[in-house]
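Structure file upload39.cif with mmCIF, C-alpha atoms:
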```
data_protein
loop_
_atom_site.label_atom_id
_atom_site.label_comp_id
_atom_site.auth_asym_id
_atom_site.auth_seq_id
_atom_site.Cartn_x
_atom_site.Cartn_y
_atom_site.Cartn_z
CA MET L 173 -74.83 14.01 -77.62
CA ARG L 174 -76.53 11.40 -79.80
CA ASP L 175 -80.23 11.19 -80.72
CA VAL L 176 -81.65 7.67 -80.90
CA ASP L 177 -85.39 7.06 -81.39
CA GLY L 178 -86.18 10.51 -80.05
CA ARG L 179 -84.03 10.10 -76.93
CA GLN L 180 -80.78 11.93 -76.21
CA TRP L 181 -77.77 9.87 -75.14
CA ALA L 182 -74.71 11.48 -73.56
CA THR L 183 -71.10 10.47 -73.03
CA ARG L 184 -69.33 11.15 -69.74
CA GLU L 185 -67.95 14.37 -71.23
CA ASP L 186 -71.47 15.41 -72.24
CA LEU L 187 -72.72 14.77 -68.71
CA ILE L 188 -69.91 16.86 -67.25
CA GLU L 189 -71.00 19.79 -69.42
CA HIS L 190 -74.69 19.07 -68.82
CA SER L 191 -74.43 18.87 -65.01
CA GLY L 192 -71.61 21.32 -64.32
CA TYR L 193 -69.90 18.79 -62.05
CA SER L 194 -66.34 17.56 -62.44
CA ARG L 195 -65.16 14.31 -64.02
CA ALA L 196 -64.03 13.11 -60.58
CA THR L 197 -67.50 13.66 -59.10
CA LEU L 198 -69.33 11.86 -61.88
CA GLY L 199 -66.75 9.10 -61.86
CA ALA L 200 -67.29 8.61 -58.14
CA LEU L 201 -71.06 8.41 -58.62
CA TRP L 202 -70.56 5.77 -61.31
CA SER L 203 -68.17 3.73 -59.14
CA GLU L 204 -70.82 3.66 -56.40
CA ARG L 205 -73.63 2.70 -58.79
CA ASP L 206 -74.58 -0.43 -56.85
CA ALA L 207 -75.43 1.71 -53.84
CA ASN L 208 -76.92 4.80 -55.49
CA GLY L 209 -78.89 3.27 -58.39
CA HIS L 210 -76.93 5.03 -61.15
CA PRO L 211 -78.68 4.46 -64.53
CA ALA L 212 -77.13 1.81 -66.75
CA PRO L 213 -75.29 2.96 -69.88
CA ARG L 214 -75.73 1.94 -73.49
CA ASP L 215 -72.77 1.27 -75.73
CA PHE L 216 -72.38 3.21 -78.97
CA ASP L 217 -69.23 2.59 -81.04
CA GLY L 218 -67.45 1.23 -77.96
CA VAL L 219 -68.25 4.30 -75.82
CA MET L 220 -70.64 4.34 -72.86
CA HIS L 221 -73.65 6.69 -73.23
CA TRP L 222 -76.43 7.49 -70.79
CA ASP L 223 -80.04 8.42 -71.47
CA VAL L 224 -79.98 12.13 -70.63
CA GLY L 225 -83.58 12.28 -69.43
CA ALA L 226 -83.25 9.24 -67.16
CA TRP L 227 -79.84 10.32 -65.88
CA SER L 228 -81.01 13.88 -65.13
CA ALA L 229 -84.07 12.65 -63.22
CA TRP L 230 -81.89 10.27 -61.21
CA PHE L 231 -79.28 12.94 -60.52
CA GLU L 232 -81.85 15.49 -59.34
CA ALA L 233 -83.32 12.91 -56.95
CA LEU L 234 -79.99 12.32 -55.22
CA PRO L 235 -79.95 13.65 -51.63
CA LYS L 236 -78.06 16.92 -51.60
CA GLN L 237 -77.04 19.22 -48.77
CA PRO L 238 -77.03 22.98 -49.36
CA ARG L 239 -73.46 23.95 -50.19
CA ASP L 240 -71.73 27.29 -50.53
CA LEU L 241 -68.83 27.12 -52.99
CA SER L 242 -68.74 30.86 -53.65
CA GLY L 243 -65.43 31.31 -51.84
CA ILE L 244 -63.49 29.08 -54.22
CA ASP L 245 -60.97 30.81 -56.49
CA ARG L 246 -61.43 29.23 -59.95
CA SER L 247 -58.62 31.22 -61.59
CA GLY L 248 -55.06 30.14 -62.33
CA ASP L 249 -53.25 27.21 -63.88
CA PRO L 250 -55.20 24.03 -63.00
CA ASP L 251 -52.06 21.87 -63.10
CA GLU L 252 -49.80 24.04 -60.92
CA PRO L 253 -48.69 22.21 -57.73
CA LEU L 254 -49.60 24.40 -54.75
CA PRO L 255 -48.23 24.39 -51.19
CA PRO L 256 -50.72 24.32 -48.28
CA ALA L 257 -51.05 28.11 -47.95
CA LYS L 258 -52.02 28.47 -51.61
CA GLN L 259 -54.35 25.47 -51.35
CA ALA L 260 -56.17 27.32 -48.59
CA ARG L 261 -56.43 30.40 -50.79
CA VAL L 262 -57.97 28.39 -53.64
CA LEU L 263 -60.58 26.89 -51.30
CA GLY L 264 -61.16 30.16 -49.44
CA VAL L 265 -60.38 28.65 -46.03
CA ASP L 266 -57.95 29.32 -43.19
CA PRO L 267 -54.53 27.67 -43.75
CA ALA L 268 -55.02 25.86 -40.44
CA ARG L 269 -57.73 23.78 -42.08
CA ILE L 270 -55.29 22.40 -44.66
CA THR L 271 -52.92 21.53 -41.82
CA GLN L 272 -55.77 19.72 -40.07
CA TYR L 273 -56.62 17.86 -43.27
CA ALA L 274 -53.09 16.41 -43.27
CA LYS L 275 -53.79 14.85 -39.88
CA SER L 276 -57.46 13.96 -40.38
CA PRO L 277 -58.31 13.91 -44.11
CA PRO L 278 -61.93 14.63 -45.03
CA PRO L 279 -63.74 12.29 -47.42
CA ARG L 280 -61.93 11.91 -50.75
CA TRP L 281 -59.23 14.45 -49.92
CA PRO L 282 -56.85 14.08 -52.90
CA ALA L 283 -53.41 12.54 -52.53
CA PRO L 284 -50.57 15.04 -52.98
CA VAL L 285 -48.86 15.25 -56.34
CA ARG L 286 -45.58 16.00 -54.58
CA VAL L 287 -44.28 15.83 -51.02
CA GLU L 288 -41.42 18.03 -49.87
CA GLU L 289 -39.42 16.88 -46.85
CA LEU L 290 -38.55 19.81 -44.58
CA PRO L 291 -36.36 19.66 -41.44
CA THR L 292 -39.33 19.54 -39.07
CA ARG L 293 -42.28 18.52 -41.25
CA THR L 294 -43.48 17.53 -44.68
CA ARG L 295 -45.13 19.88 -47.16
CA GLU L 296 -47.77 18.42 -49.45
CA TYR L 297 -48.53 19.92 -52.87
CA ARG L 298 -51.86 19.60 -54.70
CA THR L 299 -53.01 21.12 -57.97
CA ARG L 300 -55.89 23.53 -58.47
CA ALA L 301 -57.61 20.90 -60.60
CA GLN L 302 -57.49 18.44 -57.69
CA LEU L 303 -58.88 21.02 -55.27
CA TRP L 304 -61.67 22.13 -57.60
CA ALA L 305 -62.72 18.53 -58.28
CA TRP L 306 -62.67 17.72 -54.57
CA ALA L 307 -64.70 20.79 -53.59
CA ASP L 308 -67.24 20.07 -56.36
CA ASP L 309 -67.69 16.50 -55.18
CA PRO L 310 -70.79 16.39 -52.91
CA ALA L 311 -69.24 13.47 -51.02
CA SER L 312 -66.45 15.75 -49.81
CA GLY L 313 -68.89 17.63 -47.57
CA PHE L 314 -67.08 20.87 -48.44
CA GLY L 315 -69.20 24.01 -48.22
CA THR L 316 -72.00 22.42 -46.21
CA THR L 317 -73.53 24.32 -43.32
CA GLY L 318 -75.31 21.39 -41.70
CA GLY L 319 -75.19 17.65 -41.42
CA ARG L 320 -71.99 15.75 -40.84
CA PRO L 321 -68.81 17.84 -40.63
CA SER L 322 -66.38 17.68 -43.53
CA GLY L 323 -63.83 15.79 -41.42
CA PRO L 324 -63.57 12.02 -41.03
CA ASP L 325 -66.72 9.97 -40.52
CA PRO L 326 -67.46 9.71 -36.78
CA THR L 327 -67.75 5.93 -37.01
CA VAL L 328 -64.31 5.72 -38.56
CA ARG L 329 -62.92 8.09 -35.95
CA ALA L 330 -64.47 6.01 -33.16
CA ALA L 331 -62.98 2.84 -34.60
CA LYS L 332 -59.56 4.44 -34.69
CA ALA L 333 -59.94 5.57 -31.11
CA THR L 334 -60.49 1.99 -29.95
CA THR L 335 -57.74 0.49 -32.14
CA PRO L 336 -54.20 0.63 -30.70
CA ASP L 337 -51.80 2.72 -32.75
CA SER L 338 -49.01 0.42 -33.93
CA ARG L 339 -46.72 3.44 -34.24
CA VAL L 340 -46.83 3.96 -30.48
CA GLN L 341 -45.58 0.39 -30.06
CA LEU L 342 -42.77 1.07 -32.55
CA ALA L 343 -41.81 4.17 -30.59
CA ALA L 344 -41.89 2.27 -27.29
CA GLU L 345 -39.62 -0.42 -28.70
CA ALA L 346 -37.20 2.20 -30.05
CA LEU L 347 -37.08 4.01 -26.71
CA ALA L 348 -36.38 0.74 -24.89
CA ALA L 349 -33.65 -0.18 -27.38
CA MET L 350 -31.99 3.25 -27.15
CA PRO L 351 -32.50 4.44 -23.55
CA SER L 352 -29.61 6.92 -23.75
CA ARG L 353 -30.94 8.69 -26.85
CA LYS L 354 -33.03 11.85 -26.58
CA ALA L 355 -36.70 11.64 -27.52
CA GLY L 356 -36.13 14.00 -30.46
CA ASP L 357 -33.36 11.76 -31.83
CA VAL L 358 -35.59 8.69 -31.54
CA ALA L 359 -38.38 10.55 -33.35
CA ALA L 360 -36.00 11.58 -36.13
CA MET L 361 -34.86 7.99 -36.56
CA LEU L 362 -38.44 6.72 -36.73
CA ALA L 363 -39.43 9.42 -39.23
CA GLU L 364 -36.52 8.48 -41.48
CA ARG L 365 -37.22 4.76 -41.20
CA HIS L 366 -41.02 4.72 -41.44
CA GLY L 367 -41.95 7.99 -43.18
CA GLN L 368 -44.34 10.74 -41.97
CA SER L 369 -43.17 14.01 -40.48
CA LEU L 370 -40.79 14.55 -37.59
CA SER L 371 -43.47 16.45 -35.66
CA THR L 372 -45.82 13.46 -36.03
CA TRP L 373 -43.22 11.07 -34.62
CA ARG L 374 -42.36 13.45 -31.79
CA ALA L 375 -45.99 13.34 -30.70
CA ILE L 376 -45.99 9.54 -30.98
CA VAL L 377 -42.79 9.22 -28.96
CA THR L 378 -44.28 11.49 -26.30
CA GLN L 379 -47.37 9.28 -26.17
CA ALA L 380 -45.23 6.15 -25.89
CA ARG L 381 -43.31 7.66 -22.97
CA LYS L 382 -46.55 8.57 -21.22
CA GLU L 383 -47.92 5.04 -21.62
CA ALA L 384 -44.67 3.55 -20.30
CA ARG L 385 -44.96 5.42 -17.00
#
```
When written as structure tokens, how does the structure in this file appear?
Amino acid sequence: MRDVDGRQWATREDLIEHSGYSRATLGALWSERDANGHPAPRDFDGVMHWDVGAWSAWFEALPKQPRDLSGIDRSGDPDEPLPPAKQARVLGVDPARITQYAKSPPPRWPAPVRVEELPTRTREYRTRAQLWAWADDPASGFGTTGGRPSGPDPTVRAAKATTPDSRVQLAAEALAAMPSRKAGDVAAMLAERHGQSLSTWRAIVTQARKEAR
């Protein structure tokens, strides 16, 4: 930190240590500064610094939900890519929740660092560092006991519910073009052509067949 005229000024790294929150969390707060009133920085030697007193007062005034992060495993190599089962262990949740996140990602759920294509599905890998940063981010909703669930925003979910799924149309067109092919074969072709897992396309093909009846 830097003392200027009796005031302490902190870099982003200083604020990370000062607040105990991750770089990703503080970076997200800065990117949303127009909406949350984040204090303006001051430039010293080409590096942004923030008035520690003003920043701390602002940060403490931010609305916060009670969160329980005690179940998170903070041990291990932060950069190791983990499959879903190990991701669940790091976060202290049931593996089914990670599977659900693949279908309906919660706010700011990190993109996988690697995707493994399996015969019937895809397996997404994330690092411990990604999981820790996501869990620490208040916007993730992780660890809250009240308020909005940690899944997708209800308004977004409602919008999706009223918007036709273009993939169903793709499946319908493929079924019409290949009437002699089995539904599983059509799903496999669509998965190879458009990405996403075979199980996802099987469900879409089933939906397309239902809508065609």
task: Please write as JSON, numbers by chain the full residue list that the PyMOL selection byres ((chain L and resi 261-269) around 8) yields on this file.
output: {"L": [243, 244, 245, 246, 256, 257, 258, 259, 260, 270, 271, 272, 273, 300, 303, 304, 307]}
Exercise. Expanded to explicit residues, what is the PyMOL selection byres ((chain L and resi 198-213) around 10) for this file, as a ChimeraX atom specification?
Worked result: /L:181-185,187-188,191,193-197,214-216,219-224,226-231,234,280,309-311
Correct to one decimal, the distance atom CA of Thr299 of chain L-atom CA of Glu252 of chain L is 5.2 Å
What separates atom CA of Pro255 of chain L and atom CA of Arg298 of chain L is a distance of 7.0 Å
I'd like to see the residues matched by the PyMOL selection byres ((chain L and resi 341) around 12) on this file, and ideally I'd get them as a compact mmCIF listing (two decimals) with C-alpha atoms, in the coordinates of the input.
```txt
# COMPACT_ATOMS: atom_id res chain seq x y z
CA PRO L 336 -54.20 0.63 -30.70
CA ASP L 337 -51.80 2.72 -32.75
CA SER L 338 -49.01 0.42 -33.93
CA ARG L 339 -46.72 3.44 -34.24
CA VAL L 340 -46.83 3.96 -30.48
CA LEU L 342 -42.77 1.07 -32.55
CA ALA L 343 -41.81 4.17 -30.59
CA ALA L 344 -41.89 2.27 -27.29
CA GLU L 345 -39.62 -0.42 -28.70
CA ALA L 346 -37.20 2.20 -30.05
CA LEU L 347 -37.08 4.01 -26.71
CA ALA L 348 -36.38 0.74 -24.89
CA LEU L 362 -38.44 6.72 -36.73
CA TRP L 373 -43.22 11.07 -34.62
CA ILE L 376 -45.99 9.54 -30.98
CA VAL L 377 -42.79 9.22 -28.96
CA THR L 378 -44.28 11.49 -26.30
CA GLN L 379 -47.37 9.28 -26.17
CA ALA L 380 -45.23 6.15 -25.89
CA ARG L 381 -43.31 7.66 -22.97
CA GLU L 383 -47.92 5.04 -21.62
CA ALA L 384 -44.67 3.55 -20.30
```
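Between atom CA of Trp281 of chain L and atom CA of Pro235 of chain L lies a distance of 20.8 Å.
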task = Show which residues sit within 6 Å of Tyr297 of chain L, as a VMD selection string. Count only C-alpha atoms, and ignore same-chain residues fewer than 3 positions away.
result = chain L and resid 253 to 255 284 to 286
I'd like the contact shell of Ala363 of chain L - 12 Å cut-off, only C-alpha atoms, skipping same-chain residues fewer than 2 positions apart - returned as a PDB file with C-alpha atoms, in the coordinates of the input.
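Saved result, out.pdb, follows:
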```
ATOM      1  CA  GLU L 289     -39.420  16.880 -46.850  1.00  0.00           C
ATOM      2  CA  LEU L 290     -38.550  19.810 -44.580  1.00  0.00           C
ATOM      3  CA  PRO L 291     -36.360  19.660 -41.440  1.00  0.00           C
ATOM      4  CA  THR L 292     -39.330  19.540 -39.070  1.00  0.00           C
ATOM      5  CA  ARG L 293     -42.280  18.520 -41.250  1.00  0.00           C
ATOM      6  CA  THR L 294     -43.480  17.530 -44.680  1.00  0.00           C
ATOM      7  CA  ARG L 339     -46.720   3.440 -34.240  1.00  0.00           C
ATOM      8  CA  LEU L 342     -42.770   1.070 -32.550  1.00  0.00           C
ATOM      9  CA  ALA L 343     -41.810   4.170 -30.590  1.00  0.00           C
ATOM     10  CA  ALA L 346     -37.200   2.200 -30.050  1.00  0.00           C
ATOM     11  CA  GLY L 356     -36.130  14.000 -30.460  1.00  0.00           C
ATOM     12  CA  ASP L 357     -33.360  11.760 -31.830  1.00  0.00           C
ATOM     13  CA  VAL L 358     -35.590   8.690 -31.540  1.00  0.00           C
ATOM     14  CA  ALA L 359     -38.380  10.550 -33.350  1.00  0.00           C
ATOM     15  CA  ALA L 360     -36.000  11.580 -36.130  1.00  0.00           C
ATOM     16  CA  MET L 361     -34.860   7.990 -36.560  1.00  0.00           C
ATOM     17  CA  ARG L 365     -37.220   4.760 -41.200  1.00  0.00           C
ATOM     18  CA  HIS L 366     -41.020   4.720 -41.440  1.00  0.00           C
ATOM     19  CA  GLY L 367     -41.950   7.990 -43.180  1.00  0.00           C
ATOM     20  CA  GLN L 368     -44.340  10.740 -41.970  1.00  0.00           C
ATOM     21  CA  SER L 369     -43.170  14.010 -40.480  1.00  0.00           C
ATOM     22  CA  LEU L 370     -40.790  14.550 -37.590  1.00  0.00           C
ATOM     23  CA  SER L 371     -43.470  16.450 -35.660  1.00  0.00           C
ATOM     24  CA  THR L 372     -45.820  13.460 -36.030  1.00  0.00           C
ATOM     25  CA  TRP L 373     -43.220  11.070 -34.620  1.00  0.00           C
ATOM     26  CA  ARG L 374     -42.360  13.450 -31.790  1.00  0.00           C
ATOM     27  CA  ALA L 375     -45.990  13.340 -30.700  1.00  0.00           C
ATOM     28  CA  ILE L 376     -45.990   9.540 -30.980  1.00  0.00           C
ATOM     29  CA  VAL L 377     -42.790   9.220 -28.960  1.00  0.00           C
TER      30      VAL L 377
END
```
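Of the residues listed (L:Lys275, L:Met350, L:Gly313, L:Asp186), L:Lys275 shows the shortest atom-to-atom separation from Glu296 of chain L; distances use all atoms listed in the file.
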